[in-house]
Amino acid sequence: MVAMGNFFDLSTVAKRFRFIAVLEAISWAFLIVGMVFKRLPEPVLWPVKVFGMTHGIIFVLFVIATIVAARELGWTVKTSVLALLSSIPPFCTVLFEVWAVRTGQLGELSNTASVESGAPASVTP
């Protein structure tokens, strides 16, 4: 689990990737809530417009963060494509981030996780 103070530390590529991955998942939640409001008997349309635009912006930031992380952290094409695909289904960016930490794909975040758990971080190409 990530401490809140560490979550807002955006000093490295891996930490920025984590932050944007979580934001992307949160924006999915708001967009889904907005879609529910749109389907009410008395539709409320503004949430879809606001949350849809917000989600779109964060989605683009996630794609950029993924490209930067892939380049800086030396991800394989497979890992990079998995990261990009994780942005399509709701909440999967967080699942990818957890997987990336556990498999050694997120640099110092993976090293920190292995030190905290007492297990070595496995680095797979």
# chains A, B, ... in the order shown; residues from 1 in each chain; ligands from 1
>>> select_by_dssp(residues="chain A", states="helix (DSSP H, G or I)", output="ChimeraX atom specification")
/A:4-7,13-38,46-73,77-85,92-102,107-117
>>> closest_residue(among="A:Gly107, A:Leu23, A:Lys15, A:Phe8", to="Ile57 (chain A)", atoms="only C-alpha atoms")
A:Leu23
>>> closest_residue(among="A:Glu108, A:Leu45, A:Val50, A:Ala21", to="Ile88 (chain A)", atoms="only C-alpha atoms")
A:Ala21
>>> atom_distance(atom1="CA of Ser86 (chain A)", atom2="CA of Val44 (chain A)")
29.2 Å
>>> residues_around(residues="Val60 (chain A)", least_positions_apart="2", cutoff="12 Å", atoms="only C-alpha atoms", output="list in words")
Ile20, Ala21, Leu23, Glu24, Met53, Thr54, His55, Gly56, Ile57, Ile58, Phe62, Val63, Ile64, Ala65, Thr66, Ile67, Leu84, Ser87 and Ile88 of chain A
>>> write_last_selection(atoms="all heavy atoms", output="compact mmCIF listing (two decimals), in the first residue's frame")
# COMPACT_ATOMS: atom_id res chain seq x y z
N ILE A 20 -0.76 9.05 -12.47
CA ILE A 20 -1.69 9.20 -13.60
C ILE A 20 -2.52 7.93 -13.79
O ILE A 20 -3.70 8.01 -14.16
CB ILE A 20 -0.93 9.61 -14.88
CG1 ILE A 20 -0.33 11.01 -14.68
CG2 ILE A 20 -1.84 9.59 -16.10
CD1 ILE A 20 0.63 11.45 -15.76
N ALA A 21 -1.95 6.76 -13.54
CA ALA A 21 -2.72 5.51 -13.64
C ALA A 21 -3.88 5.51 -12.65
O ALA A 21 -5.00 5.11 -12.99
CB ALA A 21 -1.81 4.31 -13.41
N LEU A 23 -5.25 8.25 -11.28
CA LEU A 23 -6.18 9.29 -11.72
C LEU A 23 -7.07 8.80 -12.85
O LEU A 23 -8.27 9.11 -12.89
CB LEU A 23 -5.42 10.54 -12.22
CG LEU A 23 -4.91 11.51 -11.18
CD1 LEU A 23 -4.25 12.70 -11.88
CD2 LEU A 23 -6.01 11.98 -10.27
N GLU A 24 -6.51 8.02 -13.77
CA GLU A 24 -7.29 7.50 -14.89
C GLU A 24 -8.40 6.59 -14.38
O GLU A 24 -9.54 6.67 -14.85
CB GLU A 24 -6.36 6.75 -15.86
CG GLU A 24 -6.85 6.74 -17.29
CD GLU A 24 -7.79 5.60 -17.60
OE1 GLU A 24 -7.86 4.64 -16.82
OE2 GLU A 24 -8.47 5.67 -18.63
N MET A 53 -15.01 14.89 -20.40
CA MET A 53 -13.88 15.72 -20.81
C MET A 53 -12.68 15.48 -19.89
O MET A 53 -11.54 15.33 -20.35
CB MET A 53 -14.26 17.20 -20.80
CG MET A 53 -13.11 18.13 -21.13
SD MET A 53 -12.46 17.91 -22.78
CE MET A 53 -13.68 18.79 -23.71
N THR A 54 -12.94 15.42 -18.60
CA THR A 54 -11.86 15.17 -17.64
C THR A 54 -11.21 13.82 -17.90
O THR A 54 -9.98 13.71 -17.93
CB THR A 54 -12.42 15.21 -16.20
OG1 THR A 54 -13.06 16.47 -15.99
CG2 THR A 54 -11.33 15.00 -15.18
N HIS A 55 -12.03 12.80 -18.11
CA HIS A 55 -11.50 11.47 -18.40
C HIS A 55 -10.68 11.48 -19.69
O HIS A 55 -9.62 10.85 -19.76
CB HIS A 55 -12.64 10.45 -18.50
CG HIS A 55 -12.19 9.09 -18.91
ND1 HIS A 55 -11.46 8.27 -18.08
CD2 HIS A 55 -12.32 8.42 -20.07
CE1 HIS A 55 -11.18 7.15 -18.71
NE2 HIS A 55 -11.70 7.21 -19.93
N GLY A 56 -11.16 12.18 -20.70
CA GLY A 56 -10.43 12.25 -21.96
C GLY A 56 -9.05 12.88 -21.79
O GLY A 56 -8.06 12.38 -22.34
N ILE A 57 -8.98 13.94 -21.03
CA ILE A 57 -7.70 14.61 -20.79
C ILE A 57 -6.75 13.69 -20.02
O ILE A 57 -5.58 13.54 -20.38
CB ILE A 57 -7.92 15.94 -20.03
CG1 ILE A 57 -8.64 16.95 -20.94
CG2 ILE A 57 -6.61 16.51 -19.49
CD1 ILE A 57 -9.17 18.17 -20.22
N ILE A 58 -7.28 13.03 -18.98
CA ILE A 58 -6.44 12.14 -18.19
C ILE A 58 -6.01 10.92 -19.02
O ILE A 58 -4.89 10.43 -18.89
CB ILE A 58 -7.15 11.73 -16.88
CG1 ILE A 58 -7.33 12.97 -16.00
CG2 ILE A 58 -6.37 10.66 -16.13
CD1 ILE A 58 -8.20 12.77 -14.78
N PHE A 62 -2.30 9.70 -19.64
CA PHE A 62 -1.87 8.33 -19.37
C PHE A 62 -1.10 7.76 -20.56
O PHE A 62 -0.07 7.10 -20.38
CB PHE A 62 -3.06 7.42 -19.03
CG PHE A 62 -2.64 6.01 -18.73
CD1 PHE A 62 -2.11 5.68 -17.49
CD2 PHE A 62 -2.76 5.02 -19.69
CE1 PHE A 62 -1.69 4.38 -17.22
CE2 PHE A 62 -2.35 3.72 -19.42
CZ PHE A 62 -1.81 3.40 -18.19
N VAL A 63 -1.59 8.01 -21.76
CA VAL A 63 -0.88 7.51 -22.96
C VAL A 63 0.51 8.13 -23.02
O VAL A 63 1.50 7.43 -23.27
CB VAL A 63 -1.70 7.80 -24.24
CG1 VAL A 63 -0.87 7.54 -25.48
CG2 VAL A 63 -2.98 6.97 -24.25
N ILE A 64 0.61 9.43 -22.78
CA ILE A 64 1.91 10.11 -22.78
C ILE A 64 2.81 9.55 -21.68
O ILE A 64 3.99 9.25 -21.91
CB ILE A 64 1.73 11.64 -22.64
CG1 ILE A 64 1.05 12.19 -23.89
CG2 ILE A 64 3.07 12.32 -22.38
CD1 ILE A 64 0.57 13.63 -23.75
N ALA A 65 2.25 9.39 -20.47
CA ALA A 65 3.04 8.85 -19.35
C ALA A 65 3.52 7.43 -19.66
O ALA A 65 4.63 7.05 -19.29
CB ALA A 65 2.21 8.86 -18.07
N THR A 66 2.69 6.65 -20.34
CA THR A 66 3.07 5.29 -20.70
C THR A 66 4.23 5.29 -21.69
O THR A 66 5.19 4.53 -21.54
CB THR A 66 1.86 4.53 -21.30
OG1 THR A 66 0.84 4.46 -20.31
CG2 THR A 66 2.25 3.13 -21.75
N ILE A 67 4.16 6.15 -22.69
CA ILE A 67 5.23 6.24 -23.69
C ILE A 67 6.54 6.68 -23.03
O ILE A 67 7.60 6.10 -23.28
CB ILE A 67 4.83 7.18 -24.83
CG1 ILE A 67 3.67 6.55 -25.63
CG2 ILE A 67 6.01 7.49 -25.74
CD1 ILE A 67 2.98 7.50 -26.59
N LEU A 84 -0.78 0.31 -22.47
CA LEU A 84 -1.72 1.10 -23.27
C LEU A 84 -3.10 0.44 -23.28
O LEU A 84 -4.12 1.14 -23.17
CB LEU A 84 -1.19 1.27 -24.69
CG LEU A 84 0.04 2.17 -24.81
CD1 LEU A 84 0.62 2.09 -26.21
CD2 LEU A 84 -0.30 3.62 -24.44
N SER A 87 -5.65 0.98 -20.37
CA SER A 87 -6.42 2.21 -20.26
C SER A 87 -7.81 2.09 -20.86
O SER A 87 -8.64 2.98 -20.68
CB SER A 87 -5.67 3.37 -20.94
OG SER A 87 -5.59 3.13 -22.33
N ILE A 88 -8.10 0.99 -21.55
CA ILE A 88 -9.41 0.86 -22.21
C ILE A 88 -10.49 0.35 -21.25
O ILE A 88 -11.51 1.00 -21.09
CB ILE A 88 -9.28 -0.01 -23.48
CG1 ILE A 88 -8.34 0.70 -24.47
CG2 ILE A 88 -10.64 -0.27 -24.11
CD1 ILE A 88 -7.95 -0.13 -25.67
>>> decode(residues="region 56-71 of chain A", atoms="all heavy atoms", output="compact mmCIF listing (two decimals), in the first residue's frame")
# COMPACT_ATOMS: atom_id res chain seq x y z
N GLY A 56 -11.16 12.18 -20.70
CA GLY A 56 -10.43 12.25 -21.96
C GLY A 56 -9.05 12.88 -21.79
O GLY A 56 -8.06 12.38 -22.34
N ILE A 57 -8.98 13.94 -21.03
CA ILE A 57 -7.70 14.61 -20.79
C ILE A 57 -6.75 13.69 -20.02
O ILE A 57 -5.58 13.54 -20.38
CB ILE A 57 -7.92 15.94 -20.03
CG1 ILE A 57 -8.64 16.95 -20.94
CG2 ILE A 57 -6.61 16.51 -19.49
CD1 ILE A 57 -9.17 18.17 -20.22
N ILE A 58 -7.28 13.03 -18.98
CA ILE A 58 -6.44 12.14 -18.19
C ILE A 58 -6.01 10.92 -19.02
O ILE A 58 -4.89 10.43 -18.89
CB ILE A 58 -7.15 11.73 -16.88
CG1 ILE A 58 -7.33 12.97 -16.00
CG2 ILE A 58 -6.37 10.66 -16.13
CD1 ILE A 58 -8.20 12.77 -14.78
N PHE A 59 -6.89 10.45 -19.90
CA PHE A 59 -6.55 9.35 -20.79
C PHE A 59 -5.34 9.72 -21.66
O PHE A 59 -4.40 8.94 -21.80
CB PHE A 59 -7.75 8.97 -21.66
CG PHE A 59 -7.41 8.00 -22.76
CD1 PHE A 59 -7.30 6.64 -22.49
CD2 PHE A 59 -7.19 8.44 -24.05
CE1 PHE A 59 -6.98 5.74 -23.50
CE2 PHE A 59 -6.87 7.55 -25.06
CZ PHE A 59 -6.77 6.21 -24.79
N VAL A 60 -5.38 10.91 -22.24
CA VAL A 60 -4.26 11.37 -23.08
C VAL A 60 -2.99 11.48 -22.23
O VAL A 60 -1.90 11.07 -22.67
CB VAL A 60 -4.60 12.70 -23.78
CG1 VAL A 60 -3.37 13.30 -24.45
CG2 VAL A 60 -5.73 12.51 -24.78
N LEU A 61 -3.11 12.00 -21.01
CA LEU A 61 -1.94 12.06 -20.11
C LEU A 61 -1.41 10.67 -19.80
O LEU A 61 -0.20 10.47 -19.72
CB LEU A 61 -2.31 12.78 -18.81
CG LEU A 61 -2.55 14.28 -18.90
CD1 LEU A 61 -3.04 14.81 -17.55
CD2 LEU A 61 -1.29 15.00 -19.33
N PHE A 62 -2.30 9.70 -19.64
CA PHE A 62 -1.87 8.33 -19.37
C PHE A 62 -1.10 7.76 -20.56
O PHE A 62 -0.07 7.10 -20.38
CB PHE A 62 -3.06 7.42 -19.03
CG PHE A 62 -2.64 6.01 -18.73
CD1 PHE A 62 -2.11 5.68 -17.49
CD2 PHE A 62 -2.76 5.02 -19.69
CE1 PHE A 62 -1.69 4.38 -17.22
CE2 PHE A 62 -2.35 3.72 -19.42
CZ PHE A 62 -1.81 3.40 -18.19
N VAL A 63 -1.59 8.01 -21.76
CA VAL A 63 -0.88 7.51 -22.96
C VAL A 63 0.51 8.13 -23.02
O VAL A 63 1.50 7.43 -23.27
CB VAL A 63 -1.70 7.80 -24.24
CG1 VAL A 63 -0.87 7.54 -25.48
CG2 VAL A 63 -2.98 6.97 -24.25
N ILE A 64 0.61 9.43 -22.78
CA ILE A 64 1.91 10.11 -22.78
C ILE A 64 2.81 9.55 -21.68
O ILE A 64 3.99 9.25 -21.91
CB ILE A 64 1.73 11.64 -22.64
CG1 ILE A 64 1.05 12.19 -23.89
CG2 ILE A 64 3.07 12.32 -22.38
CD1 ILE A 64 0.57 13.63 -23.75
N ALA A 65 2.25 9.39 -20.47
CA ALA A 65 3.04 8.85 -19.35
C ALA A 65 3.52 7.43 -19.66
O ALA A 65 4.63 7.05 -19.29
CB ALA A 65 2.21 8.86 -18.07
N THR A 66 2.69 6.65 -20.34
CA THR A 66 3.07 5.29 -20.70
C THR A 66 4.23 5.29 -21.69
O THR A 66 5.19 4.53 -21.54
CB THR A 66 1.86 4.53 -21.30
OG1 THR A 66 0.84 4.46 -20.31
CG2 THR A 66 2.25 3.13 -21.75
N ILE A 67 4.16 6.15 -22.69
CA ILE A 67 5.23 6.24 -23.69
C ILE A 67 6.54 6.68 -23.03
O ILE A 67 7.60 6.10 -23.28
CB ILE A 67 4.83 7.18 -24.83
CG1 ILE A 67 3.67 6.55 -25.63
CG2 ILE A 67 6.01 7.49 -25.74
CD1 ILE A 67 2.98 7.50 -26.59
N VAL A 68 6.45 7.67 -22.16
CA VAL A 68 7.66 8.14 -21.45
C VAL A 68 8.21 7.05 -20.54
O VAL A 68 9.42 6.79 -20.53
CB VAL A 68 7.34 9.44 -20.66
CG1 VAL A 68 8.49 9.80 -19.74
CG2 VAL A 68 7.01 10.58 -21.61
N ALA A 69 7.32 6.38 -19.78
CA ALA A 69 7.78 5.31 -18.88
C ALA A 69 8.40 4.17 -19.67
O ALA A 69 9.44 3.63 -19.27
CB ALA A 69 6.61 4.81 -18.03
N ALA A 70 7.78 3.80 -20.78
CA ALA A 70 8.32 2.70 -21.59
C ALA A 70 9.73 3.03 -22.07
O ALA A 70 10.63 2.18 -22.03
CB ALA A 70 7.41 2.44 -22.78
N ARG A 71 9.92 4.26 -22.47
CA ARG A 71 11.24 4.68 -22.97
C ARG A 71 12.26 4.76 -21.84
O ARG A 71 13.37 4.23 -21.95
CB ARG A 71 11.09 6.02 -23.67
CG ARG A 71 12.38 6.51 -24.25
CD ARG A 71 12.16 7.75 -25.05
NE ARG A 71 13.48 8.30 -25.36
CZ ARG A 71 13.70 9.56 -25.60
NH1 ARG A 71 12.72 10.42 -25.62
NH2 ARG A 71 14.90 9.98 -25.87
